[in-house]
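Dropping structure.txt in here (compact mmCIF, C-alpha atoms):
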```txt
# COMPACT_ATOMS: atom_id res chain seq x y z
CA MET A 1 3.92 165.81 113.36
CA PRO A 2 3.17 166.36 109.64
CA HIS A 3 5.87 168.08 107.60
CA ALA A 4 4.93 167.68 103.93
CA THR A 5 2.04 166.83 101.64
CA ASN A 6 1.73 165.19 98.24
CA GLU A 7 -0.93 163.81 95.96
CA ASN A 8 -1.50 160.07 96.13
CA GLY A 9 -2.56 157.92 93.21
CA ASN A 10 -6.24 158.49 93.89
CA GLY A 11 -5.96 162.26 93.77
CA ALA A 12 -6.34 162.63 97.56
CA THR A 13 -3.81 164.66 99.51
CA ALA A 14 -1.49 162.48 101.57
CA THR A 15 0.63 163.92 104.36
CA ALA A 16 4.16 162.87 105.21
CA TYR A 17 4.45 162.33 108.96
CA ARG A 18 7.45 162.25 111.28
CA GLN A 19 6.85 158.54 111.84
CA SER A 20 5.64 155.93 109.39
CA ASP A 21 2.56 153.83 110.10
CA ASP A 22 4.82 150.85 110.76
CA GLN A 23 6.77 152.78 113.38
CA VAL A 24 3.61 153.88 115.17
CA TRP A 25 2.13 150.36 115.13
CA ALA A 26 5.42 148.92 116.41
CA LYS A 27 5.39 151.27 119.42
CA ALA A 28 1.73 150.56 120.11
CA THR A 29 2.29 146.80 119.93
CA ALA A 30 5.29 147.00 122.24
CA ASN A 31 3.95 149.35 124.88
CA LEU A 32 0.18 149.81 124.77
CA MET A 33 -1.73 147.47 127.06
CA ASN A 34 -4.71 145.55 125.71
CA ILE A 35 -7.72 147.05 127.50
CA GLY A 36 -10.17 144.44 126.24
CA VAL A 37 -11.38 146.39 123.20
CA PRO A 38 -10.40 145.11 119.71
CA VAL A 39 -8.13 147.59 117.92
CA THR A 40 -9.29 148.96 114.56
CA PRO A 41 -6.43 148.26 112.14
CA VAL A 42 -6.47 151.75 110.62
CA LEU A 43 -4.18 154.56 111.76
CA ILE A 44 -6.08 157.84 111.79
CA ARG A 45 -3.86 160.88 111.34
CA ARG A 46 -6.37 163.73 111.43
CA ALA A 47 -10.07 164.50 111.47
CA GLN A 48 -12.16 167.34 110.07
CA GLY A 49 -15.91 167.75 110.20
CA THR A 50 -17.55 164.37 109.63
CA SER A 51 -14.41 162.81 108.17
CA LEU A 52 -11.38 160.92 109.40
CA PHE A 53 -8.20 160.66 107.31
CA ASP A 54 -5.47 158.01 107.27
CA SER A 55 -1.82 158.46 106.32
CA ASN A 56 -2.61 158.23 102.61
CA GLY A 57 -5.28 160.91 102.81
CA LYS A 58 -8.10 158.39 102.46
CA GLU A 59 -11.35 159.85 103.77
CA ILE A 60 -13.45 157.77 106.17
CA LEU A 61 -16.89 159.00 107.20
CA ASP A 62 -17.29 158.99 110.98
CA PHE A 63 -20.73 157.55 111.75
CA THR A 64 -19.97 157.21 115.48
CA SER A 65 -18.93 160.82 116.27
CA GLY A 66 -15.69 159.51 117.71
CA GLN A 67 -16.72 157.73 120.91
CA MET A 68 -20.35 158.86 120.41
CA SER A 69 -19.18 162.30 121.52
CA SER A 70 -18.25 164.71 118.71
CA ILE A 71 -21.73 166.06 118.03
CA LEU A 72 -20.29 169.14 116.27
CA GLY A 73 -17.92 167.07 114.16
CA HIS A 74 -14.15 167.20 114.43
CA ALA A 75 -12.02 170.36 114.64
CA HIS A 76 -15.01 172.71 114.79
CA PRO A 77 -13.53 176.20 114.26
CA GLU A 78 -15.36 177.81 117.19
CA ILE A 79 -14.29 175.04 119.56
CA LYS A 80 -10.70 175.33 118.36
CA GLU A 81 -10.77 179.06 119.09
CA VAL A 82 -12.19 178.56 122.60
CA VAL A 83 -9.59 175.89 123.44
CA SER A 84 -6.74 178.08 122.25
CA THR A 85 -7.95 181.23 124.00
CA GLN A 86 -8.93 179.59 127.26
CA PHE A 87 -5.77 177.50 127.51
CA GLY A 88 -3.71 180.64 127.16
CA GLN A 89 -5.71 182.39 129.87
CA LEU A 90 -6.85 179.86 132.49
CA ASP A 91 -6.74 176.10 132.10
CA HIS A 92 -6.69 174.41 135.54
CA LEU A 93 -7.15 175.38 139.18
CA LEU A 94 -7.22 173.99 142.69
CA SER A 95 -10.66 172.44 143.10
CA SER A 96 -11.76 174.98 145.73
CA PHE A 97 -11.55 177.85 143.24
CA ILE A 98 -14.51 179.01 141.13
CA SER A 99 -13.88 180.40 137.65
CA GLU A 100 -15.97 182.42 135.22
CA PRO A 101 -16.33 179.61 132.63
CA VAL A 102 -17.58 177.21 135.33
CA ALA A 103 -20.13 179.72 136.63
CA ASP A 104 -21.24 180.48 133.06
CA LEU A 105 -21.67 176.81 132.21
CA ALA A 106 -23.60 176.12 135.40
CA GLN A 107 -26.03 178.96 134.66
CA LEU A 108 -26.43 178.09 130.99
CA LEU A 109 -26.89 174.36 131.56
CA CYS A 110 -29.49 174.85 134.31
CA SER A 111 -31.36 177.31 132.07
CA LEU A 112 -31.70 174.54 129.47
CA THR A 113 -32.96 171.85 131.85
CA PRO A 114 -36.37 171.74 133.58
CA GLU A 115 -36.75 174.40 136.28
CA SER A 116 -36.35 171.97 139.18
CA LEU A 117 -32.92 170.85 137.97
CA ASP A 118 -31.04 173.89 139.23
CA LYS A 119 -27.83 172.55 140.81
CA THR A 120 -24.87 171.17 138.88
CA PHE A 121 -21.13 170.53 138.92
CA PHE A 122 -18.65 169.31 136.34
CA LEU A 123 -16.43 166.27 135.91
CA ASN A 124 -14.81 164.56 132.92
CA THR A 125 -16.29 161.18 132.02
CA GLY A 126 -19.54 159.25 132.13
CA SER A 127 -18.22 156.84 134.74
CA GLU A 128 -17.40 159.79 137.00
CA THR A 129 -20.75 161.50 136.59
CA ASN A 130 -22.68 158.30 137.27
CA GLU A 131 -20.43 157.52 140.22
CA ALA A 132 -21.21 160.96 141.63
CA ALA A 133 -24.94 160.69 140.91
CA LEU A 134 -25.18 157.36 142.70
CA LYS A 135 -23.31 158.77 145.68
CA ILE A 136 -25.68 161.77 145.77
CA ALA A 137 -28.66 159.39 145.77
CA LYS A 138 -27.23 157.30 148.59
CA CYS A 139 -26.27 160.30 150.71
CA ALA A 140 -29.60 162.06 150.11
CA THR A 141 -31.76 159.03 150.91
CA GLY A 142 -29.59 157.32 153.48
CA LYS A 143 -30.10 154.09 151.54
CA PHE A 144 -27.78 151.98 149.39
CA GLU A 145 -29.63 149.74 146.89
CA VAL A 146 -29.43 150.63 143.19
CA ILE A 147 -31.53 149.26 140.32
CA ALA A 148 -30.33 149.10 136.70
CA PHE A 149 -31.40 147.38 133.49
CA ALA A 150 -29.95 143.97 132.65
CA ALA A 151 -28.39 145.44 129.47
CA SER A 152 -27.13 148.59 131.18
CA PHE A 153 -23.78 150.31 130.70
CA HIS A 154 -23.07 153.21 133.07
CA GLY A 155 -19.30 152.98 133.42
CA LEU A 156 -16.55 150.70 134.67
CA THR A 157 -15.53 152.24 137.98
CA GLY A 158 -16.83 151.28 141.42
CA ALA A 159 -20.54 152.00 141.74
CA SER A 160 -20.96 152.70 138.01
CA ALA A 161 -19.44 149.30 137.22
CA ALA A 162 -21.79 147.65 139.72
CA ALA A 163 -24.68 149.27 137.83
CA THR A 164 -23.36 147.96 134.49
CA PHE A 165 -24.72 144.55 133.53
CA SER A 166 -23.88 144.41 129.81
CA ALA A 167 -20.10 144.04 130.10
CA GLY A 168 -17.05 144.05 132.36
CA ARG A 169 -18.46 142.25 135.40
CA ARG A 170 -16.08 139.28 135.48
CA GLY A 171 -12.60 139.10 136.94
CA ASN A 172 -12.98 142.01 139.35
CA GLY A 173 -14.19 140.28 142.49
CA PRO A 174 -17.32 141.44 144.36
CA VAL A 175 -19.14 144.51 143.08
CA MET A 176 -20.73 147.23 145.18
CA PRO A 177 -23.37 145.64 147.44
CA GLY A 178 -27.05 146.36 146.96
CA GLN A 179 -27.14 146.16 143.16
CA LEU A 180 -30.42 144.89 141.67
CA THR A 181 -31.20 144.18 138.03
CA PHE A 182 -34.37 144.98 136.10
CA PRO A 183 -35.69 143.41 132.85
CA THR A 184 -34.44 145.33 129.83
CA PRO A 185 -37.23 146.64 127.59
CA ASN A 186 -36.38 145.08 124.22
CA ALA A 187 -39.34 145.21 121.84
CA PHE A 188 -37.57 143.00 119.30
CA ARG A 189 -36.58 140.13 121.59
CA SER A 190 -38.68 140.30 124.76
CA PRO A 191 -40.72 137.16 125.56
CA PHE A 192 -43.49 139.38 126.95
CA ARG A 193 -46.14 139.50 124.21
CA LYS A 194 -49.79 140.44 123.89
CA PRO A 195 -52.19 138.04 122.10
CA ASP A 196 -51.62 139.94 118.83
CA GLY A 197 -47.84 139.41 119.15
CA SER A 198 -47.02 143.03 120.01
CA TYR A 199 -44.62 143.88 122.81
CA ASP A 200 -46.24 143.91 126.27
CA TRP A 201 -43.88 146.18 128.18
CA GLU A 202 -46.52 146.99 130.79
CA THR A 203 -46.68 143.37 132.00
CA GLU A 204 -42.90 143.08 131.75
CA MET A 205 -42.49 146.14 133.96
CA THR A 206 -44.97 144.79 136.51
CA PHE A 207 -42.94 141.57 136.56
CA GLY A 208 -39.74 143.57 137.04
CA TRP A 209 -41.08 145.53 140.00
CA ASP A 210 -42.37 142.33 141.57
CA LEU A 211 -38.81 140.97 141.41
CA ILE A 212 -37.42 144.17 142.93
CA ASP A 213 -39.97 144.23 145.74
CA ARG A 214 -39.04 140.64 146.61
CA GLN A 215 -35.27 141.21 146.44
CA THR A 216 -34.91 144.51 148.26
CA VAL A 217 -33.81 144.65 151.87
CA GLY A 218 -35.75 147.87 152.25
CA SER A 219 -32.97 150.27 151.28
CA LEU A 220 -33.79 151.32 147.69
CA ALA A 221 -31.91 154.51 146.83
CA ALA A 222 -31.93 154.90 143.04
CA PHE A 223 -32.89 153.55 139.65
CA ILE A 224 -30.32 154.51 137.00
CA ALA A 225 -31.29 154.24 133.33
CA GLU A 226 -30.56 155.52 129.84
CA PRO A 227 -33.58 156.71 127.78
CA ILE A 228 -31.98 154.73 124.94
CA LEU A 229 -29.64 151.95 126.05
CA SER A 230 -26.75 152.50 123.67
CA THR A 231 -24.09 149.91 124.46
CA GLY A 232 -26.96 147.58 125.37
CA GLY A 233 -27.97 147.56 121.70
CA ILE A 234 -29.77 150.87 120.90
CA LEU A 235 -32.82 149.86 122.93
CA GLU A 236 -35.28 152.74 123.11
CA LEU A 237 -37.66 152.84 126.06
CA PRO A 238 -41.21 152.55 124.64
CA VAL A 239 -43.49 155.57 124.77
CA GLY A 240 -45.04 155.64 128.24
CA TYR A 241 -42.33 153.47 129.80
CA LEU A 242 -40.31 156.28 131.36
CA LYS A 243 -43.41 157.94 132.79
CA ARG A 244 -44.53 154.77 134.53
CA LEU A 245 -40.98 154.07 135.67
CA SER A 246 -40.89 157.50 137.29
CA GLU A 247 -44.23 156.87 138.99
CA GLU A 248 -43.12 153.49 140.35
CA CYS A 249 -39.92 155.05 141.69
CA LYS A 250 -41.89 157.79 143.46
CA LYS A 251 -44.16 155.20 145.08
CA ARG A 252 -41.10 153.60 146.66
CA GLY A 253 -39.15 156.76 147.49
CA ILE A 254 -36.50 155.92 144.89
CA LEU A 255 -34.55 158.65 143.09
CA LEU A 256 -34.58 158.36 139.29
CA ILE A 257 -31.19 158.98 137.67
CA LEU A 258 -31.21 159.41 133.90
CA ASP A 259 -27.87 158.85 132.19
CA GLU A 260 -27.92 160.97 129.03
CA ALA A 261 -24.26 160.61 128.16
CA GLN A 262 -25.15 159.70 124.58
CA THR A 263 -28.72 160.94 124.18
CA GLY A 264 -28.31 164.41 125.68
CA VAL A 265 -27.59 167.76 123.99
CA GLY A 266 -29.87 167.30 121.01
CA ARG A 267 -28.89 163.96 119.53
CA THR A 268 -32.35 162.36 119.72
CA GLY A 269 -34.23 165.35 118.29
CA THR A 270 -34.86 167.20 121.57
CA MET A 271 -32.30 168.78 123.87
CA TRP A 272 -32.83 165.95 126.37
CA ALA A 273 -34.27 162.57 125.43
CA PHE A 274 -36.53 162.51 128.51
CA GLU A 275 -38.48 165.50 127.14
CA ARG A 276 -40.46 163.23 124.83
CA ASP A 277 -42.06 161.51 127.80
CA GLY A 278 -42.81 164.57 129.92
CA VAL A 279 -40.70 163.20 132.75
CA VAL A 280 -38.14 165.09 134.86
CA PRO A 281 -35.45 162.98 136.54
CA ASP A 282 -34.27 163.58 140.09
CA ILE A 283 -30.69 163.51 138.85
CA LEU A 284 -29.42 163.95 135.28
CA THR A 285 -25.93 162.88 134.20
CA LEU A 286 -24.21 164.14 131.07
CA SER A 287 -20.86 163.45 129.44
CA LYS A 288 -19.64 162.73 125.89
CA THR A 289 -21.93 165.11 123.97
CA ILE A 290 -21.69 168.13 126.29
CA GLY A 291 -17.94 168.33 125.59
CA ALA A 292 -18.35 167.52 121.89
CA GLY A 293 -15.32 165.24 122.07
CA LEU A 294 -13.45 166.87 124.94
CA PRO A 295 -13.54 165.34 128.45
CA LEU A 296 -16.47 167.10 130.13
CA GLY A 297 -19.32 165.67 132.16
CA ALA A 298 -22.02 167.15 134.36
CA VAL A 299 -24.30 166.09 137.19
CA VAL A 300 -27.54 168.07 137.49
CA THR A 301 -30.03 167.75 140.32
CA THR A 302 -32.50 169.72 142.46
CA THR A 303 -31.81 172.06 145.34
CA PRO A 304 -33.59 169.80 147.88
CA ILE A 305 -31.62 166.71 146.77
CA ALA A 306 -28.34 168.63 146.74
CA LYS A 307 -29.08 169.90 150.26
CA ALA A 308 -30.05 166.46 151.56
CA ALA A 309 -26.95 164.89 150.02
CA ARG A 310 -24.66 167.44 151.64
CA GLU A 311 -26.35 166.92 154.99
CA GLY A 312 -25.85 163.18 154.46
CA GLY A 313 -22.10 163.65 154.11
CA PHE A 314 -21.74 163.97 150.32
CA LEU A 315 -18.16 164.57 149.22
CA TYR A 316 -16.97 164.24 145.65
CA LEU A 317 -13.54 165.52 144.75
CA THR A 318 -11.44 164.80 141.66
CA THR A 319 -8.35 166.42 140.22
CA HIS A 320 -10.31 168.06 137.43
CA VAL A 321 -13.66 168.80 139.05
CA ASN A 322 -15.01 172.16 137.79
CA ASP A 323 -11.97 172.83 135.59
CA PRO A 324 -12.19 176.09 133.58
CA LEU A 325 -10.86 174.82 130.23
CA PRO A 326 -13.44 172.08 129.55
CA ALA A 327 -16.14 174.31 131.07
CA ALA A 328 -15.41 177.02 128.51
CA VAL A 329 -15.76 174.41 125.79
CA GLY A 330 -19.08 173.26 127.28
CA VAL A 331 -20.44 176.81 127.17
CA LYS A 332 -19.59 177.13 123.49
CA VAL A 333 -21.01 173.68 122.68
CA LEU A 334 -24.37 174.54 124.25
CA GLU A 335 -24.39 177.97 122.60
CA ILE A 336 -23.84 176.40 119.17
CA VAL A 337 -26.45 173.68 119.71
CA VAL A 338 -29.07 176.27 120.71
CA ARG A 339 -28.07 178.90 118.13
CA ASP A 340 -28.06 176.46 115.21
CA ASN A 341 -31.14 174.58 116.46
CA LEU A 342 -29.28 171.29 116.18
CA PRO A 343 -31.93 169.24 118.02
CA ALA A 344 -34.40 170.06 115.22
CA ARG A 345 -31.74 169.19 112.66
CA ALA A 346 -31.14 165.85 114.40
CA ALA A 347 -34.87 165.15 114.30
CA ALA A 348 -35.11 165.96 110.59
CA LEU A 349 -31.99 164.03 109.60
CA GLY A 350 -33.10 161.20 111.86
CA LYS A 351 -36.15 160.72 109.68
CA VAL A 352 -33.93 160.57 106.60
CA LEU A 353 -31.65 158.09 108.33
CA ARG A 354 -34.58 155.92 109.42
CA THR A 355 -35.99 155.87 105.88
CA GLY A 356 -32.60 154.80 104.54
CA LEU A 357 -32.14 152.07 107.15
CA LEU A 358 -35.63 150.71 106.56
CA ALA A 359 -34.87 150.60 102.84
CA LEU A 360 -31.79 148.50 103.63
CA GLN A 361 -33.89 146.22 105.82
CA SER A 362 -36.32 145.64 102.96
CA LYS A 363 -33.39 144.57 100.74
CA TYR A 364 -31.46 142.46 103.24
CA PRO A 365 -33.35 140.02 105.50
CA ILE A 366 -30.31 139.74 107.78
CA ILE A 367 -31.32 143.17 109.14
CA GLY A 368 -33.77 141.98 111.77
CA ASP A 369 -34.64 145.30 113.38
CA VAL A 370 -34.19 149.05 112.94
CA ARG A 371 -34.60 151.21 116.03
CA GLY A 372 -33.55 154.37 117.84
CA ARG A 373 -34.39 158.06 117.58
CA GLY A 374 -32.95 161.11 115.88
CA LEU A 375 -29.27 160.63 115.10
CA LEU A 376 -28.84 157.69 117.48
CA GLN A 377 -30.14 154.64 115.65
CA GLY A 378 -29.29 150.98 115.40
CA ILE A 379 -29.74 147.99 113.14
CA GLU A 380 -29.67 144.48 114.55
CA ILE A 381 -28.19 141.72 112.41
CA VAL A 382 -29.70 138.24 112.48
CA ALA A 383 -28.28 135.10 110.87
CA PRO A 384 -30.20 133.41 108.05
CA PRO A 385 -32.04 130.30 109.39
CA ALA A 386 -30.30 128.12 106.82
CA LYS A 387 -26.84 129.21 108.01
CA SER A 388 -26.54 127.53 111.41
CA ASN A 389 -22.78 128.16 111.50
CA LEU A 390 -23.22 131.94 111.37
CA THR A 391 -24.29 134.39 114.05
CA GLY A 392 -25.48 137.96 113.82
CA ASP A 393 -22.35 139.32 115.45
CA LYS A 394 -20.05 137.53 112.99
CA ILE A 395 -22.02 138.78 110.01
CA GLY A 396 -22.14 142.27 111.47
CA ALA A 397 -18.37 142.27 111.95
CA LYS A 398 -17.91 141.41 108.27
CA VAL A 399 -20.20 144.25 107.24
CA ALA A 400 -18.38 146.69 109.54
CA ASP A 401 -14.95 145.64 108.24
CA LEU A 402 -16.01 146.01 104.61
CA ALA A 403 -17.68 149.36 105.32
CA MET A 404 -14.38 150.58 106.78
CA GLU A 405 -12.56 149.52 103.62
CA LEU A 406 -15.15 151.42 101.59
CA GLY A 407 -14.77 154.56 103.68
CA LEU A 408 -17.28 154.36 106.56
CA SER A 409 -16.56 153.93 110.25
CA CYS A 410 -19.55 152.44 112.08
CA ASN A 411 -19.61 150.66 115.42
CA ILE A 412 -20.87 147.12 115.96
CA VAL A 413 -21.98 146.13 119.48
CA ASN A 414 -21.19 142.49 120.26
CA LEU A 415 -22.34 141.59 123.76
CA ASP A 416 -23.49 138.37 125.36
CA GLY A 417 -27.19 137.90 124.72
CA PHE A 418 -27.25 140.21 121.70
CA ALA A 419 -26.74 139.71 118.02
CA GLY A 420 -24.54 142.22 116.25
CA VAL A 421 -26.07 145.70 116.55
CA PHE A 422 -24.74 148.66 114.59
CA ARG A 423 -24.74 151.95 116.49
CA ILE A 424 -25.18 154.76 114.01
CA ALA A 425 -24.53 158.17 115.55
CA PRO A 426 -23.02 160.70 113.15
CA PRO A 427 -22.35 164.30 114.21
CA LEU A 428 -25.41 166.56 114.38
CA THR A 429 -23.64 168.77 111.86
CA ILE A 430 -23.43 166.07 109.19
CA SER A 431 -24.42 167.26 105.72
CA ASP A 432 -27.28 165.74 103.76
CA GLU A 433 -24.73 164.58 101.21
CA ASP A 434 -22.52 162.79 103.75
CA LEU A 435 -25.53 161.10 105.34
CA ALA A 436 -26.60 159.81 101.93
CA LYS A 437 -23.04 158.73 101.14
CA GLY A 438 -22.81 156.77 104.38
CA LEU A 439 -26.04 154.94 103.62
CA GLU A 440 -24.75 154.12 100.14
CA ILE A 441 -21.57 152.62 101.60
CA LEU A 442 -23.62 150.55 104.06
CA ASP A 443 -25.71 149.31 101.15
CA LYS A 444 -22.59 148.21 99.24
CA ALA A 445 -21.16 146.50 102.32
CA PHE A 446 -24.36 144.57 103.00
CA GLN A 447 -24.70 143.64 99.32
CA ASN A 448 -21.21 142.14 99.17
CA VAL A 449 -21.42 140.32 102.50
CA VAL A 450 -24.86 138.86 101.78
CA ALA A 451 -23.64 137.65 98.38
CA ASP A 452 -20.87 135.66 100.12
CA LEU A 453 -23.05 134.04 102.81
```
As structure tokens - that is how I would like this structure written.
Amino acid sequence: MPHATNENGNGATATAYRQSDDQVWAKATANLMNIGVPVTPVLIRRAQGTSLFDSNGKEILDFTSGQMSSILGHAHPEIKEVVSTQFGQLDHLLSSFISEPVADLAQLLCSLTPESLDKTFFLNTGSETNEAALKIAKCATGKFEVIAFAASFHGLTGASAAATFSAGRRGNGPVMPGQLTFPTPNAFRSPFRKPDGSYDWETEMTFGWDLIDRQTVGSLAAFIAEPILSTGGILELPVGYLKRLSEECKKRGILLILDEAQTGVGRTGTMWAFERDGVVPDILTLSKTIGAGLPLGAVVTTTPIAKAAREGGFLYLTTHVNDPLPAAVGVKVLEIVVRDNLPARAAALGKVLRTGLLALQSKYPIIGDVRGRGLLQGIEIVAPPAKSNLTGDKIGAKVADLAMELGLSCNIVNLDGFAGVFRIAPPLTISDEDLAKGLEILDKAFQNVVADL
């Protein structure tokens, strides 16, 4: 815990903590297990708004909203008040109890989704919500096959891991049976092209359904998809894609599950990313953004599907299902997003962000593509043709490391089959000044790295 403050040499306020950085790192090295994710070599001591702070008081702009979650920034005063009040009143219950915050969140959330999506319940993480959604689909249809994109990431537990093709599939033994993969719509890299060189997603989709129709054993239950594949490399479904996908699912009696863990609650410029396409999913899953950094997830579906699932034996019970504390936070998050019209702000700032990223692309040829929507955008790094020893992911890692040194935290996705892709997802509450500052830091990082190639 902090116990004193002083000014460092740069004029920033540094805080003296009970343990030094070396002591914390020593404990982490000795006792924390490596979970397969590289550790960022910076010890963050506190966070406020759009900024993170290390032990010396150095400010680091957070362009990932924590784990793509803190859409209201860090330590939002209204969220702090709700957590304090609710914890002191009612934090956790036996799962059979119903509490006022849970009922309030259920009503508010369903009022913000399309009319048919009128049944919901609450969990903690994206893996859990997708796990539950897939179980609902299987129980409601009496079938077991699940389709997902080849670059999908829907979690790393059981059925959600089986529906994840971008990472984490090796070393675990057999996955859930009945999992089928579908070509990922990637306008930048897809081999499906029209005579003029433009992306031919229509033919690619036809090809994908032909593969599914040949592979299925006649038990297709669900197609699970993100409107923008985030961990897969910020791959936005083309306009018209989701509508046709929905139509093809209906033809085959397949339930469409949309995973809006990262795109939901205003980040893409509308409350839900699927709104752009005029499509309503059969099941909607939410996490990350609905809790604004706290562990809250939701599954939303229709009354007929909920009824059919229950008749099919649906049971989903966790220690923290429908907990009152995170539910109270969820209510306040949605109230703030609606009250402050944050989806419109994300749309407006998204245009500013896109302009800035395109300007960087015009300066640095190693930026091969700029894509995304609202305040969830990505830039894909490609290696110069003359530098055969370099790859996009290695260059991207250098840019990310230098950006961190300069005061910007931004995430680089390095997966098999992809070059380095930056995920840029600042809080929806970011100021115009901080957005501009972040772009300036990215510019400096690219300038220095390109000069050394």
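Minimum distance to Lys135 of chain A across A:Cys110, A:Leu315, A:Val37, A:Ile305 (counting all atoms listed in the file) occurs at A:Leu315.
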Fill in the blank from the handout: re atom CA of Gln377 of chain A and atom CA of Asp340 of chain A: distance 21.9 Å
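Taking atom CA of Met271 of chain A and atom CA of Ile336 of chain A as endpoints, the distance between them is 12.3 Å.
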How close does each residue of segment 130-210 of chain A get to segment 406-413 of chain A, giving the shortest atom pair and distance in Å to one decimal for every residue with an atom at most 12 Å away, counting only C-alpha atoms, sorted by chain and residue number, as a tab-separated table?
```
residue	atom	partner	partner_atom	distance
A:Ala151	CA	A:Val413	CA	11.9
A:Ser166	CA	A:Val413	CA	10.6
A:Ala167	CA	A:Val413	CA	11.0
```
Exercise for the section: Could you check which of A:Ala133, A:Ile441, A:Thr319, A:Leu32 is closest to Ile60 of chain A, using only C-alpha atoms? Expected result: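 The shortest atom-to-atom distance to Ile60 of chain A comes from A:Ile441.
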Neighbour residues at most 12 Å from (-20.3, 171.2, 112.4) (all atoms listed in the file) as an mmCIF file with C-alpha atoms, in the coordinates of the input:
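Dumped everything to selection.cif:
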```cif
data_model
loop_
_atom_site.group_PDB
_atom_site.id
_atom_site.type_symbol
_atom_site.label_atom_id
_atom_site.label_comp_id
_atom_site.auth_asym_id
_atom_site.auth_seq_id
_atom_site.Cartn_x
_atom_site.Cartn_y
_atom_site.Cartn_z
ATOM 1 C CA GLN A 48 -12.160 167.340 110.070
ATOM 2 C CA GLY A 49 -15.910 167.750 110.200
ATOM 3 C CA THR A 50 -17.550 164.370 109.630
ATOM 4 C CA SER A 51 -14.410 162.810 108.170
ATOM 5 C CA SER A 65 -18.930 160.820 116.270
ATOM 6 C CA SER A 70 -18.250 164.710 118.710
ATOM 7 C CA ILE A 71 -21.730 166.060 118.030
ATOM 8 C CA LEU A 72 -20.290 169.140 116.270
ATOM 9 C CA GLY A 73 -17.920 167.070 114.160
ATOM 10 C CA HIS A 74 -14.150 167.200 114.430
ATOM 11 C CA ALA A 75 -12.020 170.360 114.640
ATOM 12 C CA HIS A 76 -15.010 172.710 114.790
ATOM 13 C CA PRO A 77 -13.530 176.200 114.260
ATOM 14 C CA GLU A 78 -15.360 177.810 117.190
ATOM 15 C CA ILE A 79 -14.290 175.040 119.560
ATOM 16 C CA ALA A 292 -18.350 167.520 121.890
ATOM 17 C CA VAL A 333 -21.010 173.680 122.680
ATOM 18 C CA ILE A 336 -23.840 176.400 119.170
ATOM 19 C CA VAL A 337 -26.450 173.680 119.710
ATOM 20 C CA ASP A 340 -28.060 176.460 115.210
ATOM 21 C CA LEU A 342 -29.280 171.290 116.180
ATOM 22 C CA ARG A 345 -31.740 169.190 112.660
ATOM 23 C CA PRO A 426 -23.020 160.700 113.150
ATOM 24 C CA PRO A 427 -22.350 164.300 114.210
ATOM 25 C CA LEU A 428 -25.410 166.560 114.380
ATOM 26 C CA THR A 429 -23.640 168.770 111.860
ATOM 27 C CA ILE A 430 -23.430 166.070 109.190
ATOM 28 C CA SER A 431 -24.420 167.260 105.720
#
```
Problem - Cys249 of chain A surroundings by only C-alpha atoms, 8 Å radius, close-in-sequence under 6 positions cut, as a PyMOL selection string - result: chain A and resi 223+255-256
Keeping only C-alpha atoms, write the selected residues to a file as a CSV table (one decimal), in the coordinates of the input.
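Written out: out-v5.csv:
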```csv
chain,number,residue,atom,x,y,z
A,223,PHE,CA,-32.9,153.6,139.6
A,255,LEU,CA,-34.6,158.6,143.1
A,256,LEU,CA,-34.6,158.4,139.3
```
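Note that atom CA of Gln107 of chain A and atom CA of Ala327 of chain A are 11.5 Å apart.
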Practice task
Using all atoms listed in the file, pick whichever of A:Leu242, A:Ala328, A:Ala348, A:Gly312 has the shortest atom-to-atom distance to Ser84 of chain A.
Solution key: A:Ala328
Practice task
Using only C-alpha atoms, collect all residues at a distance of at most 12 Å from (-29.9, 159.9, 149.9) as written in the file, then present them as a PyMOL selection string.
Solution key: chain A and resi 133-146+219-222+253-256+282-283+304-314
Exercise for the section: With a distance cut-off of 9 Å and all atoms listed in the file, select the neighbouring residues of Ala397 of chain A, excluding the residue or stretch itself and same-chain residues fewer than 4 positions from it, and output the selection as a list in words. Expected result: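 Selected residues are Gly392, Asp393, Asp401, Leu402, Ile412, Asn414 and Gly420 of chain A.
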Problem - Of the listed residues A:Leu442, A:Ala132, A:Pro174, A:Thr301, that which approaches Ala359 of chain A most closely, counting only C-alpha atoms - result: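 That would be A:Leu442, the residue with the smallest distance to Ala359 of chain A.
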Problem - Pick from A:His92, A:Trp272, A:Arg18, A:Val352, whichever lies nearest to Asp434 of chain A using all atoms listed in the file - result: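 Of all the options, A:Val352 lies closest to Asp434 of chain A.
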Would you compute an axis-aligned box for segment 261-268 of chain A, covering every atom listed for it in the file with 4 Å of margin on each side, and report centre and edge lengths in Å to one decimal as JSON?
```
{"center_x": -28.3, "center_y": 163.7, "center_z": 123.8, "size_x": 16.1, "size_y": 16.1, "size_z": 16.6}
```
Would you kindly return, as a CSV table (one decimal) with C-alpha atoms, keeping the file's coordinate frame, each protein, DNA or RNA residue with an atom no farther than 7 Å from any atom of Glu236 of chain A, considering all atoms listed in the file and excluding same-chain residues fewer than 2 positions away?
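Produced file part-v8.csv, reproduced below:
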```
chain,number,residue,atom,x,y,z
A,227,PRO,CA,-33.6,156.7,127.8
A,228,ILE,CA,-32.0,154.7,124.9
A,229,LEU,CA,-29.6,152.0,126.0
A,234,ILE,CA,-29.8,150.9,120.9
A,238,PRO,CA,-41.2,152.6,124.6
A,372,GLY,CA,-33.6,154.4,117.8
```
Give me the segment 323-422 of chain A side of the contact with segment 179-197 of chain A, cut-off 10 Å, one line per residue showing its nearest atom pair and distance in Å at one decimal, counting all atoms listed in the file, sorted by chain and residue number, as CSV.
```
residue,atom,partner,partner_atom,distance
A:Gly368,CA,A:Phe188,CA,8.5
A:Asp369,CA,A:Phe188,CA,7.0
A:Val370,CA,A:Phe188,CA,9.4
A:Arg371,CA,A:Phe188,CA,9.3
A:Glu380,CA,A:Phe188,CA,9.3
A:Phe418,CA,A:Arg189,CA,9.3
```
